[in-house]
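K.L.:
Structure in structure tokens, see below.
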Amino acid sequence: MALIIPNHYKQKLLPETTEVAIKMIKDEFQQRLAEALCLRRVTAPLFVLSGTGLNDDLNGVEHAVSFAVRAVGGRRAEVVHSLAKWKRVKLGAYDIAPGYGLYTDMNAIRADEDLDNLHSLYVDQWDWERTIRPEDRTLDYLKRTVTEIYDALRQTEQTVYRRFPHITPRLPEQITFIHAEELLQRYPGMSATERESAAAREHGAIFLIGIGAPLSSGEPHDGRAPDYDDWITENSDGYRGLNGDIILYDRVLDRSFELSSMGIRVSPESLRQQLEMRGCMERSELEFHRELLAGRLPYSIGGGIGQSRLCMFLLQKAHIGEVQASIWPEEQVERCRAAGIELL
């Protein structure tokens, strides 16, 4: 999206106080998330070896930052995009029982991003994963998990308000569940981003189900790699998809604000279907995919929750650079400075 400069923007906290608030939010939310979903913290890699299938393809077009490792014969390693598949392997390695899971601080570099208010070269998020039973692979289980995460989010928002009373809460009491096909029918003629913004503006917070599978228009709402979220399985509402995005309404920017991508992960059957649909069955020969197709990895649900995005939203900032140190085009820095938006 193009850079948005809100009219009459006024920052709620000075940069020095913002730094204090960032730590408070991160400490508070990760504790509440861990308690709500029964997660324990683990240490995560910044990079993985290429060719293992462990890195994520996101929308399938992003290129990972990579480098040669002299100590292992020049094999290439690549900076992670996210840890969706790595976490599932760890659930199995640690033999974590159903209903319990893990989370980690994930740091990534996404060099192909178009830089704007919400998108940065540097990505920091809580990556989490929880073991489930085969019978938990349902839309109801997904919705219950989303509600638990949303409750932790609202509790953290209240903590911010108690510490900084001039930053008043904005989240609705409940999150609204909508399938991408329903959104398409409700807002015909709009782009996917416009549909998200219209729904977020109407409800305040939505969980958009079914990201990745083609809709009645013939196109998916948005891209999703074929080998972590399950977007092909028919759910109890009669649509396809056991995954989705948590999307909030950002009053500062007057648009949708994606906070989290998550979902029930692929089974061996749905992985095979999704690889076939995307025409990339060659991935089935990669180590991760062979293990999954052979049934040697646990069933799971998981996702990522943006740390800087959460801080940006709760502190009612106009640009992610106000809560995160990164690199921005000089023209963008100057436009933000002129509007009173101070990038770190």
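Quick note on naming: the chains in the structure tokens go A, B, ... in the order shown, residues restart at 1 in each chain, and ligands are numbered from 1 in order of appearance.
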Skipping near chain neighbours, those fewer than 3 positions away, what residues fall within 12 Å of Thr17 in chain A using only C-alpha atoms, listed as an mmCIF file with C-alpha atoms, in the first residue's frame?
P.N.:
data_model
loop_
_atom_site.group_PDB
_atom_site.id
_atom_site.type_symbol
_atom_site.label_atom_id
_atom_site.label_comp_id
_atom_site.auth_asym_id
_atom_site.auth_seq_id
_atom_site.Cartn_x
_atom_site.Cartn_y
_atom_site.Cartn_z
ATOM 1 C CA GLN A 11 1.724 10.980 18.834
ATOM 2 C CA LYS A 12 0.355 9.790 22.174
ATOM 3 C CA LEU A 13 3.808 9.079 23.646
ATOM 4 C CA LEU A 14 7.238 10.615 23.106
ATOM 5 C CA VAL A 20 9.133 1.820 27.945
ATOM 6 C CA ALA A 21 5.645 1.057 26.656
ATOM 7 C CA ILE A 22 6.986 -1.353 24.013
ATOM 8 C CA LYS A 23 8.662 -3.512 26.651
ATOM 9 C CA MET A 24 5.558 -3.422 28.850
ATOM 10 C CA ARG A 163 -0.552 2.805 32.590
ATOM 11 C CA PHE A 164 -1.393 5.538 30.054
ATOM 12 C CA LEU A 315 -0.024 2.744 21.268
ATOM 13 C CA GLU A 322 7.684 4.486 15.492
ATOM 14 C CA VAL A 323 8.052 1.240 17.449
#
K.L.:
For Ala180 in chain A, please output as a list in words all residues within 8 Å (counting only C-alpha atoms; exclusion window: fewer than 4 positions along the same chain).
P.N.:
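Neighbouring residues, sequence-local ones excluded: Leu184, Leu208, Ile209, Gly210, Ile211, Leu215 and His221 of chain A.
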K.L.:
What does the file look like for those residues with N, CA, C and O atoms, as a short mmCIF file (atom, residue, chain, number, x, y, z; two decimals), in the first residue's frame?
P.N.:
data_model
loop_
_atom_site.label_atom_id
_atom_site.label_comp_id
_atom_site.auth_asym_id
_atom_site.auth_seq_id
_atom_site.Cartn_x
_atom_site.Cartn_y
_atom_site.Cartn_z
N LEU A 184 -16.49 -11.60 0.01
CA LEU A 184 -16.58 -11.33 -1.42
C LEU A 184 -18.01 -11.04 -1.83
O LEU A 184 -18.28 -10.12 -2.62
N LEU A 208 -10.77 -13.43 9.50
CA LEU A 208 -11.13 -13.74 8.12
C LEU A 208 -10.67 -15.16 7.80
O LEU A 208 -9.46 -15.43 7.75
N ILE A 209 -11.62 -16.06 7.58
CA ILE A 209 -11.36 -17.48 7.40
C ILE A 209 -11.14 -17.80 5.92
O ILE A 209 -11.77 -17.22 5.04
N GLY A 210 -10.26 -18.77 5.66
CA GLY A 210 -10.14 -19.31 4.31
C GLY A 210 -9.21 -18.52 3.41
O GLY A 210 -9.59 -18.14 2.30
N ILE A 211 -7.98 -18.28 3.86
CA ILE A 211 -7.00 -17.54 3.06
C ILE A 211 -6.15 -18.52 2.28
O ILE A 211 -5.43 -19.33 2.87
N LEU A 215 -11.72 -18.55 -4.48
CA LEU A 215 -13.10 -18.21 -4.16
C LEU A 215 -13.96 -18.34 -5.42
O LEU A 215 -13.47 -18.77 -6.46
N HIS A 221 -8.50 -14.99 -1.80
CA HIS A 221 -8.52 -13.66 -1.18
C HIS A 221 -7.11 -13.11 -1.07
O HIS A 221 -6.87 -11.92 -1.31
#
K.L.:
Based on the backbone DSSP call, show me all residues of range 32-150 of chain A assigned helix (DSSP H, G or I), as a compact mmCIF listing (two decimals) with C-alpha atoms, in the first residue's frame.
P.N.:
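Saved the output as out-v1.txt:
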# COMPACT_ATOMS: atom_id res chain seq x y z
CA ARG A 32 -1.06 -13.85 28.63
CA LEU A 33 -0.69 -15.70 25.32
CA ALA A 34 1.37 -18.45 26.95
CA GLU A 35 -1.16 -18.87 29.76
CA ALA A 36 -4.18 -18.86 27.44
CA LEU A 37 -2.81 -21.45 25.01
CA ARG A 70 32.02 -22.10 4.93
CA ALA A 71 32.01 -24.42 7.97
CA VAL A 72 29.56 -26.84 6.31
CA ALA A 84 5.58 -22.44 10.92
CA LYS A 85 7.19 -25.69 9.80
CA TRP A 86 10.16 -25.54 12.18
CA LYS A 87 7.76 -25.30 15.15
CA ARG A 88 5.83 -28.36 14.06
CA VAL A 89 9.03 -30.36 13.93
CA LYS A 90 9.86 -29.15 17.45
CA LEU A 91 6.48 -30.26 18.79
CA GLY A 92 7.36 -33.76 17.68
CA ALA A 93 10.96 -33.61 18.89
CA PRO A 134 -6.95 -35.36 14.67
CA GLU A 135 -10.51 -34.71 15.88
CA ASP A 136 -9.54 -31.13 16.78
CA LEU A 139 -13.65 -24.83 12.53
CA ASP A 140 -14.98 -24.74 16.10
CA TYR A 141 -11.54 -25.52 17.51
CA LEU A 142 -10.02 -22.80 15.34
CA LYS A 143 -12.59 -20.26 16.52
CA ARG A 144 -12.05 -21.13 20.19
CA THR A 145 -8.32 -20.60 19.78
CA VAL A 146 -8.82 -17.26 18.02
CA THR A 147 -11.11 -16.13 20.86
CA GLU A 148 -8.46 -17.04 23.45
CA ILE A 149 -5.86 -14.99 21.58
CA TYR A 150 -8.25 -12.08 21.19
K.L.:
With distances taken over only C-alpha atoms, which residue among A:Phe177, A:Phe67, A:Phe29, A:Trp328 lies nearest Leu49 in chain A?
P.N.:
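Using only C-alpha atoms, Leu49 in chain A sits closest to A:Phe67.
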K.L.:
Pick out the closest residue to His319 in chain A from this set: A:Val65, A:Met262, A:Ile5, A:Ala199. Count only C-alpha atoms.
P.N.:
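Ranking A:Val65, A:Met262, A:Ile5, A:Ala199 by distance to His319 in chain A, first place goes to A:Ile5.
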K.L.:
Smallest atom-to-atom distance to Lys26 in chain A: which of A:Thr156, A:Ala294, A:Arg130, A:Glu173, using only C-alpha atoms?
P.N.:
A:Thr156
K.L.:
For a quick check of understanding, using only C-alpha atoms, which of A:Thr131, A:Ser216, A:Gln155, A:Gln332 has the smallest distance to Arg265 in chain A?
P.N.:
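Smallest distance to Arg265 in chain A is found for A:Thr131.
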K.L.:
Using only C-alpha atoms for the distances, tell me which of A:Asn55, A:Gln158, A:Gln30, A:Ser50 is nearest to Arg75 in chain A.
P.N.:
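Closest candidate: A:Ser50.
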K.L.:
Point out the residue among A:Ile305, A:Tyr122, A:Gly204, A:Gly321 with the least atom-to-atom distance to Ala152 in chain A, counting only C-alpha atoms.
P.N.:
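Among the listed residues, the smallest separation from Ala152 in chain A belongs to A:Ile305.
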K.L.:
So what do you get for CA of Pro15 in chain A versus CA of Val333 in chain A, distance-wise?
P.N.:
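Answer for the CA of Pro15 in chain A to CA of Val333 in chain A separation: 15.4 Å.
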K.L.:
Please extract the residues of range 72-153 of chain A with a backbone DSSP assignment of strand (DSSP E or B) and present them as a list in words.
P.N.:
Arg75, Arg76, Ala77, Glu78, Val79, Gly101, Leu102, Tyr103, Thr104, Asp105, Met106, Asn107, Ala108, Ile109, Tyr122, Val123, Asp124, Gln125, Trp126, Asp127, Trp128, Glu129, Arg130 and Thr131 of chain A
K.L.:
Could you list, as a list in words, every residue within 6 Å of range 99-102 of chain A, counting only C-alpha atoms and ignoring same-chain residues fewer than 6 positions away?
P.N.:
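These residues fall inside the cut-off: Cys38, Leu39, Arg40, Arg41, Trp128, Glu129, Arg130, Thr131 and Ile132 of chain A.
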K.L.:
What's around range 281-293 of chain A at 6 Å? Count only C-alpha atoms, leave out sequence neighbours fewer than 3 positions away in its own chain, and write the answer as a PyMOL selection string.
P.N.:
chain A and resi 52-53+268+275-276+296-297
K.L.:
Could you dump the residues just selected with N, CA and C atoms as a PDB file, in the first residue's frame?
P.N.:
ATOM      1  N   THR A  52      15.896 -27.912   2.860  1.00  0.00           N
ATOM      2  CA  THR A  52      15.280 -28.814   3.829  1.00  0.00           C
ATOM      3  C   THR A  52      13.757 -28.712   3.831  1.00  0.00           C
ATOM      4  N   GLY A  53      13.231 -27.636   3.244  1.00  0.00           N
ATOM      5  CA  GLY A  53      11.792 -27.404   3.266  1.00  0.00           C
ATOM      6  C   GLY A  53      11.302 -26.763   4.540  1.00  0.00           C
ATOM      7  N   PRO A 268      -1.493 -34.924   6.228  1.00  0.00           N
ATOM      8  CA  PRO A 268      -0.863 -35.517   5.036  1.00  0.00           C
ATOM      9  C   PRO A 268      -1.765 -35.414   3.800  1.00  0.00           C
ATOM     10  N   LEU A 275      -0.387 -29.175  -2.538  1.00  0.00           N
ATOM     11  CA  LEU A 275       0.782 -29.207  -3.411  1.00  0.00           C
ATOM     12  C   LEU A 275       0.368 -29.454  -4.859  1.00  0.00           C
ATOM     13  N   GLU A 276      -0.588 -30.348  -5.060  1.00  0.00           N
ATOM     14  CA  GLU A 276      -1.068 -30.621  -6.414  1.00  0.00           C
ATOM     15  C   GLU A 276      -1.737 -29.393  -7.008  1.00  0.00           C
ATOM     16  N   ARG A 296       4.654 -38.729  10.350  1.00  0.00           N
ATOM     17  CA  ARG A 296       5.587 -38.734  11.481  1.00  0.00           C
ATOM     18  C   ARG A 296       5.665 -37.389  12.209  1.00  0.00           C
ATOM     19  N   LEU A 297       4.828 -36.433  11.827  1.00  0.00           N
ATOM     20  CA  LEU A 297       4.771 -35.153  12.536  1.00  0.00           C
ATOM     21  C   LEU A 297       3.412 -35.012  13.210  1.00  0.00           C
TER      22      LEU A 297
END
K.L.:
So the first atom is CA of Tyr9 in chain A and the second is CA of Leu153 in chain A; what is the distance between them in Å, to one decimal place?
P.N.:
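For CA of Tyr9 in chain A relative to CA of Leu153 in chain A, the distance reads 24.4 Å.
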